[in-house]
Amino acid sequence: MAEYRKLGRTSDQRKALLRGQVTALVASKDGRIITTQARAKEAQKIVEGLVALAVREKDNYEMVKVTAKVARKDKDGKRVKEVKDGKKVTVYDEVEKEIKKDLPSRLHARRQMLKVLYSAKEIPTKNAGKKKNTKEIDLVAKLFDEIAPKYVGRNGGYTRIIKVGQRKGDGAMQVVLEFV
């Protein structure tokens, strides 16, 4: 017997479908998606593995101080420019920042997560359908910083499937896949 459902698709289509479902679940604000039961059960396996990885590597980093060059800005938020040798040049200030530096095992976990997750954009509700003000969501950081701390004391079972009913068109069982 097969270890996974084929979902009536070729392997590349199936992988893309499941990656999309997992990305949608992690990226959603309420932590839930509606899909068919077979798809949800397959996506659930992948999500459980990602969350377990995030929980295991959650605190595996060190804080490092670095100096960075940051463009000086005026009161309107525009870059300040000054003339040097007849050319306009942006003025930079050196700022000391403290950043998280991943230790090797957390970096490996981050790369494994990136193999599964697509990049996602957050679209503001007031400008829906426009490119302006859309911003990239760092899904791996969301897994490490928001989702993993909720499940530290839990051994598996990070998601649940709730049946909603049959779909009108083809009678497929619709379910909600959500974080517990």
# chains A, B, ... in the order shown; residues from 1 in each chain; ligands from 1
call {"tool": "select_by_dssp", "arguments": {"residues": "chain A", "states": "strand (DSSP E)", "output": "PDB file with N, CA, C and O atoms, in the first residue's frame"}}
result
ATOM      1  N   ARG A  32      -5.624  29.006   9.496  1.00  0.00           N
ATOM      2  CA  ARG A  32      -6.538  27.965   9.022  1.00  0.00           C
ATOM      3  C   ARG A  32      -6.767  28.100   7.525  1.00  0.00           C
ATOM      4  O   ARG A  32      -6.714  29.197   6.980  1.00  0.00           O
ATOM      5  N   ILE A  33      -7.007  26.965   6.876  1.00  0.00           N
ATOM      6  CA  ILE A  33      -7.387  26.943   5.468  1.00  0.00           C
ATOM      7  C   ILE A  33      -8.518  25.934   5.300  1.00  0.00           C
ATOM      8  O   ILE A  33      -8.651  25.005   6.099  1.00  0.00           O
ATOM      9  N   ILE A  34      -9.307  26.123   4.252  1.00  0.00           N
ATOM     10  CA  ILE A  34     -10.371  25.179   3.920  1.00  0.00           C
ATOM     11  C   ILE A  34      -9.958  24.440   2.663  1.00  0.00           C
ATOM     12  O   ILE A  34      -9.585  25.055   1.663  1.00  0.00           O
ATOM     13  N   THR A  35     -10.007  23.109   2.723  1.00  0.00           N
ATOM     14  CA  THR A  35      -9.578  22.281   1.602  1.00  0.00           C
ATOM     15  C   THR A  35     -10.300  20.938   1.683  1.00  0.00           C
ATOM     16  O   THR A  35     -11.143  20.745   2.552  1.00  0.00           O
ATOM     17  N   THR A  36      -9.964  20.024   0.781  1.00  0.00           N
ATOM     18  CA  THR A  36     -10.591  18.703   0.841  1.00  0.00           C
ATOM     19  C   THR A  36      -9.880  17.851   1.893  1.00  0.00           C
ATOM     20  O   THR A  36      -8.762  18.138   2.293  1.00  0.00           O
ATOM     21  N   TYR A  61      20.254  30.152  18.626  1.00  0.00           N
ATOM     22  CA  TYR A  61      20.905  31.271  17.953  1.00  0.00           C
ATOM     23  C   TYR A  61      21.716  32.050  18.972  1.00  0.00           C
ATOM     24  O   TYR A  61      21.599  31.829  20.185  1.00  0.00           O
ATOM     25  N   GLU A  62      22.546  32.950  18.483  1.00  0.00           N
ATOM     26  CA  GLU A  62      23.293  33.835  19.377  1.00  0.00           C
ATOM     27  C   GLU A  62      23.111  35.269  18.890  1.00  0.00           C
ATOM     28  O   GLU A  62      22.946  35.518  17.692  1.00  0.00           O
ATOM     29  N   MET A  63      23.124  36.208  19.837  1.00  0.00           N
ATOM     30  CA  MET A  63      22.979  37.616  19.492  1.00  0.00           C
ATOM     31  C   MET A  63      24.369  38.185  19.203  1.00  0.00           C
ATOM     32  O   MET A  63      25.301  37.981  19.980  1.00  0.00           O
ATOM     33  N   VAL A  64      24.507  38.895  18.079  1.00  0.00           N
ATOM     34  CA  VAL A  64      25.791  39.437  17.645  1.00  0.00           C
ATOM     35  C   VAL A  64      25.608  40.921  17.343  1.00  0.00           C
ATOM     36  O   VAL A  64      24.610  41.319  16.732  1.00  0.00           O
ATOM     37  N   LYS A  65      26.589  41.739  17.789  1.00  0.00           N
ATOM     38  CA  LYS A  65      26.541  43.167  17.483  1.00  0.00           C
ATOM     39  C   LYS A  65      27.292  43.421  16.183  1.00  0.00           C
ATOM     40  O   LYS A  65      28.417  42.958  16.008  1.00  0.00           O
ATOM     41  N   VAL A  66      26.649  44.156  15.277  1.00  0.00           N
ATOM     42  CA  VAL A  66      27.281  44.503  14.007  1.00  0.00           C
ATOM     43  C   VAL A  66      27.093  45.990  13.754  1.00  0.00           C
ATOM     44  O   VAL A  66      26.147  46.601  14.251  1.00  0.00           O
ATOM     45  N   THR A  67      27.999  46.566  12.976  1.00  0.00           N
ATOM     46  CA  THR A  67      27.825  47.950  12.559  1.00  0.00           C
ATOM     47  C   THR A  67      27.344  47.954  11.116  1.00  0.00           C
ATOM     48  O   THR A  67      27.847  47.193  10.287  1.00  0.00           O
ATOM     49  N   ALA A  68      26.357  48.772  10.860  1.00  0.00           N
ATOM     50  CA  ALA A  68      25.782  48.830   9.515  1.00  0.00           C
ATOM     51  C   ALA A  68      25.701  50.279   9.063  1.00  0.00           C
ATOM     52  O   ALA A  68      25.533  51.185   9.875  1.00  0.00           O
ATOM     53  N   LYS A  69      25.829  50.465   7.758  1.00  0.00           N
ATOM     54  CA  LYS A  69      25.654  51.801   7.188  1.00  0.00           C
ATOM     55  C   LYS A  69      24.191  51.984   6.829  1.00  0.00           C
ATOM     56  O   LYS A  69      23.618  51.174   6.099  1.00  0.00           O
ATOM     57  N   VAL A  70      23.596  53.055   7.355  1.00  0.00           N
ATOM     58  CA  VAL A  70      22.191  53.352   7.102  1.00  0.00           C
ATOM     59  C   VAL A  70      22.101  54.754   6.513  1.00  0.00           C
ATOM     60  O   VAL A  70      22.748  55.686   7.007  1.00  0.00           O
ATOM     61  N   ALA A  71      21.303  54.899   5.474  1.00  0.00           N
ATOM     62  CA  ALA A  71      21.149  56.200   4.825  1.00  0.00           C
ATOM     63  C   ALA A  71      20.453  57.174   5.775  1.00  0.00           C
ATOM     64  O   ALA A  71      19.462  56.829   6.412  1.00  0.00           O
ATOM     65  N   LYS A  81      20.996  64.049   0.623  1.00  0.00           N
ATOM     66  CA  LYS A  81      22.088  64.003  -0.347  1.00  0.00           C
ATOM     67  C   LYS A  81      22.930  65.266  -0.197  1.00  0.00           C
ATOM     68  O   LYS A  81      22.417  66.342   0.110  1.00  0.00           O
ATOM     69  N   GLU A  82      24.217  65.114  -0.414  1.00  0.00           N
ATOM     70  CA  GLU A  82      25.100  66.276  -0.419  1.00  0.00           C
ATOM     71  C   GLU A  82      25.991  66.206  -1.652  1.00  0.00           C
ATOM     72  O   GLU A  82      26.197  65.131  -2.226  1.00  0.00           O
ATOM     73  N   VAL A  83      26.499  67.355  -2.049  1.00  0.00           N
ATOM     74  CA  VAL A  83      27.294  67.439  -3.271  1.00  0.00           C
ATOM     75  C   VAL A  83      28.772  67.223  -2.935  1.00  0.00           C
ATOM     76  O   VAL A  83      29.333  67.907  -2.079  1.00  0.00           O
ATOM     77  N   LYS A  84      29.366  66.232  -3.596  1.00  0.00           N
ATOM     78  CA  LYS A  84      30.807  65.975  -3.468  1.00  0.00           C
ATOM     79  C   LYS A  84      31.377  65.842  -4.872  1.00  0.00           C
ATOM     80  O   LYS A  84      30.910  65.030  -5.656  1.00  0.00           O
ATOM     81  N   LYS A  87      28.933  65.858  -7.764  1.00  0.00           N
ATOM     82  CA  LYS A  87      27.914  64.809  -7.844  1.00  0.00           C
ATOM     83  C   LYS A  87      27.116  64.777  -6.550  1.00  0.00           C
ATOM     84  O   LYS A  87      27.649  65.026  -5.476  1.00  0.00           O
ATOM     85  N   LYS A  88      25.830  64.428  -6.674  1.00  0.00           N
ATOM     86  CA  LYS A  88      25.002  64.262  -5.481  1.00  0.00           C
ATOM     87  C   LYS A  88      25.222  62.864  -4.924  1.00  0.00           C
ATOM     88  O   LYS A  88      25.074  61.874  -5.634  1.00  0.00           O
ATOM     89  N   VAL A  89      25.600  62.796  -3.645  1.00  0.00           N
ATOM     90  CA  VAL A  89      25.913  61.527  -3.006  1.00  0.00           C
ATOM     91  C   VAL A  89      25.063  61.388  -1.747  1.00  0.00           C
ATOM     92  O   VAL A  89      24.905  62.348  -0.983  1.00  0.00           O
ATOM     93  N   THR A  90      24.524  60.210  -1.505  1.00  0.00           N
ATOM     94  CA  THR A  90      23.729  59.948  -0.311  1.00  0.00           C
ATOM     95  C   THR A  90      24.636  59.914   0.913  1.00  0.00           C
ATOM     96  O   THR A  90      25.736  59.365   0.870  1.00  0.00           O
ATOM     97  N   TYR A  92      25.539  58.575   4.576  1.00  0.00           N
ATOM     98  CA  TYR A  92      25.315  57.370   5.380  1.00  0.00           C
ATOM     99  C   TYR A  92      25.838  57.569   6.796  1.00  0.00           C
ATOM    100  O   TYR A  92      26.858  58.213   7.015  1.00  0.00           O
ATOM    101  N   ASP A  93      25.117  57.008   7.775  1.00  0.00           N
ATOM    102  CA  ASP A  93      25.551  56.989   9.166  1.00  0.00           C
ATOM    103  C   ASP A  93      25.845  55.544   9.547  1.00  0.00           C
ATOM    104  O   ASP A  93      25.172  54.631   9.070  1.00  0.00           O
ATOM    105  N   GLU A  94      26.826  55.364  10.435  1.00  0.00           N
ATOM    106  CA  GLU A  94      27.110  54.024  10.932  1.00  0.00           C
ATOM    107  C   GLU A  94      26.293  53.793  12.194  1.00  0.00           C
ATOM    108  O   GLU A  94      26.339  54.587  13.125  1.00  0.00           O
ATOM    109  N   VAL A  95      25.552  52.685  12.213  1.00  0.00           N
ATOM    110  CA  VAL A  95      24.687  52.341  13.334  1.00  0.00           C
ATOM    111  C   VAL A  95      25.083  50.959  13.832  1.00  0.00           C
ATOM    112  O   VAL A  95      25.372  50.062  13.039  1.00  0.00           O
ATOM    113  N   GLU A  96      25.098  50.804  15.154  1.00  0.00           N
ATOM    114  CA  GLU A  96      25.391  49.492  15.724  1.00  0.00           C
ATOM    115  C   GLU A  96      24.072  48.788  16.007  1.00  0.00           C
ATOM    116  O   GLU A  96      23.188  49.334  16.665  1.00  0.00           O
ATOM    117  N   LYS A  97      23.936  47.573  15.478  1.00  0.00           N
ATOM    118  CA  LYS A  97      22.707  46.799  15.646  1.00  0.00           C
ATOM    119  C   LYS A  97      23.039  45.466  16.289  1.00  0.00           C
ATOM    120  O   LYS A  97      24.153  44.969  16.165  1.00  0.00           O
ATOM    121  N   GLU A  98      22.034  44.897  16.949  1.00  0.00           N
ATOM    122  CA  GLU A  98      22.180  43.566  17.504  1.00  0.00           C
ATOM    123  C   GLU A  98      21.281  42.637  16.702  1.00  0.00           C
ATOM    124  O   GLU A  98      20.076  42.876  16.585  1.00  0.00           O
ATOM    125  N   ILE A  99      21.857  41.600  16.101  1.00  0.00           N
ATOM    126  CA  ILE A  99      21.089  40.684  15.255  1.00  0.00           C
ATOM    127  C   ILE A  99      21.204  39.249  15.773  1.00  0.00           C
ATOM    128  O   ILE A  99      22.117  38.923  16.528  1.00  0.00           O
ATOM    129  N   LYS A 100      20.250  38.409  15.339  1.00  0.00           N
ATOM    130  CA  LYS A 100      20.295  36.990  15.665  1.00  0.00           C
ATOM    131  C   LYS A 100      21.147  36.285  14.622  1.00  0.00           C
ATOM    132  O   LYS A 100      20.909  36.425  13.430  1.00  0.00           O
ATOM    133  N   LYS A 101      22.134  35.536  15.088  1.00  0.00           N
ATOM    134  CA  LYS A 101      22.949  34.738  14.178  1.00  0.00           C
ATOM    135  C   LYS A 101      22.612  33.277  14.436  1.00  0.00           C
ATOM    136  O   LYS A 101      22.794  32.773  15.544  1.00  0.00           O
ATOM    137  N   ASP A 102      22.106  32.605  13.412  1.00  0.00           N
ATOM    138  CA  ASP A 102      21.730  31.205  13.552  1.00  0.00           C
ATOM    139  C   ASP A 102      22.957  30.342  13.770  1.00  0.00           C
ATOM    140  O   ASP A 102      23.979  30.521  13.107  1.00  0.00           O
ATOM    141  N   ALA A 120       5.709  34.376   0.263  1.00  0.00           N
ATOM    142  CA  ALA A 120       4.340  34.887   0.368  1.00  0.00           C
ATOM    143  C   ALA A 120       4.371  36.390   0.589  1.00  0.00           C
ATOM    144  O   ALA A 120       5.293  36.922   1.211  1.00  0.00           O
ATOM    145  N   LYS A 121       3.361  37.066   0.086  1.00  0.00           N
ATOM    146  CA  LYS A 121       3.242  38.511   0.256  1.00  0.00           C
ATOM    147  C   LYS A 121       1.997  38.825   1.073  1.00  0.00           C
ATOM    148  O   LYS A 121       0.977  38.159   0.944  1.00  0.00           O
ATOM    149  N   GLU A 122       2.121  39.856   1.917  1.00  0.00           N
ATOM    150  CA  GLU A 122       0.981  40.331   2.683  1.00  0.00           C
ATOM    151  C   GLU A 122       0.400  41.529   1.944  1.00  0.00           C
ATOM    152  O   GLU A 122       1.108  42.496   1.660  1.00  0.00           O
ATOM    153  N   LYS A 135       4.018  43.621   1.149  1.00  0.00           N
ATOM    154  CA  LYS A 135       5.328  43.307   1.706  1.00  0.00           C
ATOM    155  C   LYS A 135       5.503  41.811   1.835  1.00  0.00           C
ATOM    156  O   LYS A 135       4.547  41.067   2.029  1.00  0.00           O
ATOM    157  N   GLU A 136       6.739  41.403   1.702  1.00  0.00           N
ATOM    158  CA  GLU A 136       7.102  39.995   1.770  1.00  0.00           C
ATOM    159  C   GLU A 136       7.002  39.516   3.217  1.00  0.00           C
ATOM    160  O   GLU A 136       7.479  40.173   4.130  1.00  0.00           O
ATOM    161  N   ILE A 137       6.385  38.347   3.426  1.00  0.00           N
ATOM    162  CA  ILE A 137       6.299  37.755   4.758  1.00  0.00           C
ATOM    163  C   ILE A 137       7.438  36.752   4.886  1.00  0.00           C
ATOM    164  O   ILE A 137       7.618  35.900   4.018  1.00  0.00           O
ATOM    165  N   THR A 159      -1.670  20.509  14.625  1.00  0.00           N
ATOM    166  CA  THR A 159      -2.778  20.908  13.762  1.00  0.00           C
ATOM    167  C   THR A 159      -3.959  19.978  13.983  1.00  0.00           C
ATOM    168  O   THR A 159      -3.809  18.882  14.518  1.00  0.00           O
ATOM    169  N   ARG A 160      -5.130  20.443  13.567  1.00  0.00           N
ATOM    170  CA  ARG A 160      -6.315  19.585  13.635  1.00  0.00           C
ATOM    171  C   ARG A 160      -7.138  19.763  12.371  1.00  0.00           C
ATOM    172  O   ARG A 160      -7.058  20.785  11.699  1.00  0.00           O
ATOM    173  N   ILE A 161      -7.953  18.741  12.090  1.00  0.00           N
ATOM    174  CA  ILE A 161      -8.826  18.753  10.925  1.00  0.00           C
ATOM    175  C   ILE A 161     -10.261  18.691  11.418  1.00  0.00           C
ATOM    176  O   ILE A 161     -10.625  17.799  12.182  1.00  0.00           O
ATOM    177  N   ILE A 162     -11.066  19.662  10.987  1.00  0.00           N
ATOM    178  CA  ILE A 162     -12.479  19.716  11.363  1.00  0.00           C
ATOM    179  C   ILE A 162     -13.302  19.601  10.097  1.00  0.00           C
ATOM    180  O   ILE A 162     -13.136  20.392   9.161  1.00  0.00           O
ATOM    181  N   LYS A 163     -14.223  18.632  10.059  1.00  0.00           N
ATOM    182  CA  LYS A 163     -15.061  18.436   8.877  1.00  0.00           C
ATOM    183  C   LYS A 163     -16.093  19.552   8.792  1.00  0.00           C
ATOM    184  O   LYS A 163     -16.721  19.922   9.779  1.00  0.00           O
ATOM    185  N   VAL A 164     -16.283  20.062   7.568  1.00  0.00           N
ATOM    186  CA  VAL A 164     -17.235  21.144   7.330  1.00  0.00           C
ATOM    187  C   VAL A 164     -18.475  20.619   6.626  1.00  0.00           C
ATOM    188  O   VAL A 164     -19.588  21.027   6.919  1.00  0.00           O
ATOM    189  N   GLY A 165     -18.309  19.714   5.698  1.00  0.00           N
ATOM    190  CA  GLY A 165     -19.429  19.168   4.929  1.00  0.00           C
ATOM    191  C   GLY A 165     -18.992  18.903   3.512  1.00  0.00           C
ATOM    192  O   GLY A 165     -17.844  19.138   3.145  1.00  0.00           O
ATOM    193  N   GLN A 166     -19.918  18.402   2.709  1.00  0.00           N
ATOM    194  CA  GLN A 166     -19.564  18.065   1.338  1.00  0.00           C
ATOM    195  C   GLN A 166     -19.643  19.282   0.436  1.00  0.00           C
ATOM    196  O   GLN A 166     -20.502  20.142   0.597  1.00  0.00           O
ATOM    197  N   MET A 173     -15.496  15.830   0.518  1.00  0.00           N
ATOM    198  CA  MET A 173     -15.592  16.274   1.899  1.00  0.00           C
ATOM    199  C   MET A 173     -14.674  17.483   2.133  1.00  0.00           C
ATOM    200  O   MET A 173     -13.474  17.393   1.916  1.00  0.00           O
ATOM    201  N   GLN A 174     -15.249  18.609   2.537  1.00  0.00           N
ATOM    202  CA  GLN A 174     -14.506  19.808   2.829  1.00  0.00           C
ATOM    203  C   GLN A 174     -14.138  19.810   4.314  1.00  0.00           C
ATOM    204  O   GLN A 174     -14.961  19.448   5.153  1.00  0.00           O
ATOM    205  N   VAL A 175     -12.923  20.237   4.618  1.00  0.00           N
ATOM    206  CA  VAL A 175     -12.470  20.306   6.000  1.00  0.00           C
ATOM    207  C   VAL A 175     -11.720  21.613   6.239  1.00  0.00           C
ATOM    208  O   VAL A 175     -11.286  22.277   5.300  1.00  0.00           O
ATOM    209  N   VAL A 176     -11.580  21.964   7.519  1.00  0.00           N
ATOM    210  CA  VAL A 176     -10.756  23.091   7.913  1.00  0.00           C
ATOM    211  C   VAL A 176      -9.487  22.521   8.539  1.00  0.00           C
ATOM    212  O   VAL A 176      -9.567  21.723   9.476  1.00  0.00           O
ATOM    213  N   LEU A 177      -8.343  22.879   8.000  1.00  0.00           N
ATOM    214  CA  LEU A 177      -7.059  22.496   8.574  1.00  0.00           C
ATOM    215  C   LEU A 177      -6.550  23.709   9.315  1.00  0.00           C
ATOM    216  O   LEU A 177      -6.390  24.787   8.725  1.00  0.00           O
ATOM    217  N   GLU A 178      -6.326  23.575  10.644  1.00  0.00           N
ATOM    218  CA  GLU A 178      -5.936  24.721  11.448  1.00  0.00           C
ATOM    219  C   GLU A 178      -4.937  24.330  12.513  1.00  0.00           C
ATOM    220  O   GLU A 178      -4.838  23.163  12.887  1.00  0.00           O
ATOM    221  N   PHE A 179      -4.201  25.341  12.998  1.00  0.00           N
ATOM    222  CA  PHE A 179      -3.308  25.129  14.124  1.00  0.00           C
ATOM    223  C   PHE A 179      -4.143  25.014  15.380  1.00  0.00           C
ATOM    224  O   PHE A 179      -5.137  25.710  15.540  1.00  0.00           O
TER     225      PHE A 179
END
call {"tool": "residues_around", "arguments": {"residues": "region 16-26 of chain A", "least_positions_apart": "4", "cutoff": "9 Å", "atoms": "only C-alpha atoms", "output": "list of chain:residue names"}}
result
A:Ser11, A:Asp12, A:Asp30, A:Gly31, A:Arg32, A:Ile33, A:Thr35, A:Arg39, A:Ala40, A:Glu42, A:Ala43, A:Gln44, A:Ile46, A:Val47, A:Val116, A:Leu117, A:Tyr118, A:Ser119, A:Ala120, A:Leu139, A:Lys142, A:Leu143, A:Ile147, A:Leu177, A:Glu178, A:Phe179
call {"tool": "atom_distance", "arguments": {"atom1": "CA of Leu53 (chain A)", "atom2": "CA of Arg14 (chain A)"}}
result
22.6 Å
call {"tool": "closest_residue", "arguments": {"among": "A:Asp138, A:Val180, A:Lys126, A:Gly77", "to": "Leu114 (chain A)", "atoms": "only C-alpha atoms"}}
result
A:Asp138
call {"tool": "atom_distance", "arguments": {"atom1": "CA of Asp74 (chain A)", "atom2": "CA of Gly86 (chain A)"}}
result
21.5 Å
call {"tool": "residues_around", "arguments": {"residues": "Ala109 (chain A)", "least_positions_apart": "5", "cutoff": "10 Å", "atoms": "only C-alpha atoms", "output": "MDAnalysis selection string"}}
result
chainID A and resid 50 53:54 56:58 102 104 114:115 140
call {"tool": "write_last_selection", "arguments": {"atoms": "N, CA and C atoms", "output": "PDB file, in the first residue's frame"}}
result
ATOM      1  N   LEU A  50       7.331  20.573   9.917  1.00  0.00           N
ATOM      2  CA  LEU A  50       7.914  21.917   9.957  1.00  0.00           C
ATOM      3  C   LEU A  50       7.822  22.519  11.351  1.00  0.00           C
ATOM      4  N   LEU A  53      10.248  20.891  13.719  1.00  0.00           N
ATOM      5  CA  LEU A  53      11.589  21.402  13.435  1.00  0.00           C
ATOM      6  C   LEU A  53      11.771  22.792  14.051  1.00  0.00           C
ATOM      7  N   ALA A  54      10.757  23.639  13.919  1.00  0.00           N
ATOM      8  CA  ALA A  54      10.819  24.997  14.470  1.00  0.00           C
ATOM      9  C   ALA A  54      10.872  24.972  15.994  1.00  0.00           C
ATOM     10  N   ARG A  56      12.074  22.556  17.875  1.00  0.00           N
ATOM     11  CA  ARG A  56      13.365  22.010  18.281  1.00  0.00           C
ATOM     12  C   ARG A  56      14.484  23.064  18.172  1.00  0.00           C
ATOM     13  N   GLU A  57      14.457  23.888  17.146  1.00  0.00           N
ATOM     14  CA  GLU A  57      15.538  24.847  16.892  1.00  0.00           C
ATOM     15  C   GLU A  57      15.182  26.286  17.278  1.00  0.00           C
ATOM     16  N   LYS A  58      14.110  26.472  18.015  1.00  0.00           N
ATOM     17  CA  LYS A  58      13.595  27.809  18.340  1.00  0.00           C
ATOM     18  C   LYS A  58      14.632  28.725  18.991  1.00  0.00           C
ATOM     19  N   ASP A 102      22.106  32.605  13.412  1.00  0.00           N
ATOM     20  CA  ASP A 102      21.730  31.205  13.552  1.00  0.00           C
ATOM     21  C   ASP A 102      22.957  30.342  13.770  1.00  0.00           C
ATOM     22  N   PRO A 104      24.644  26.511  13.434  1.00  0.00           N
ATOM     23  CA  PRO A 104      24.560  25.632  12.254  1.00  0.00           C
ATOM     24  C   PRO A 104      23.302  24.778  12.152  1.00  0.00           C
ATOM     25  N   LEU A 114      12.730  26.305   3.958  1.00  0.00           N
ATOM     26  CA  LEU A 114      12.652  27.056   2.709  1.00  0.00           C
ATOM     27  C   LEU A 114      12.483  26.150   1.494  1.00  0.00           C
ATOM     28  N   LYS A 115      12.885  24.869   1.607  1.00  0.00           N
ATOM     29  CA  LYS A 115      12.660  23.921   0.520  1.00  0.00           C
ATOM     30  C   LYS A 115      11.176  23.643   0.342  1.00  0.00           C
ATOM     31  N   VAL A 140       9.604  31.614   7.533  1.00  0.00           N
ATOM     32  CA  VAL A 140      10.473  30.863   8.430  1.00  0.00           C
ATOM     33  C   VAL A 140      10.583  31.586   9.771  1.00  0.00           C
TER      34      VAL A 140
END
call {"tool": "atom_distance", "arguments": {"atom1": "CA of Arg9 (chain A)", "atom2": "CA of Gly171 (chain A)"}}
result
18.9 Å
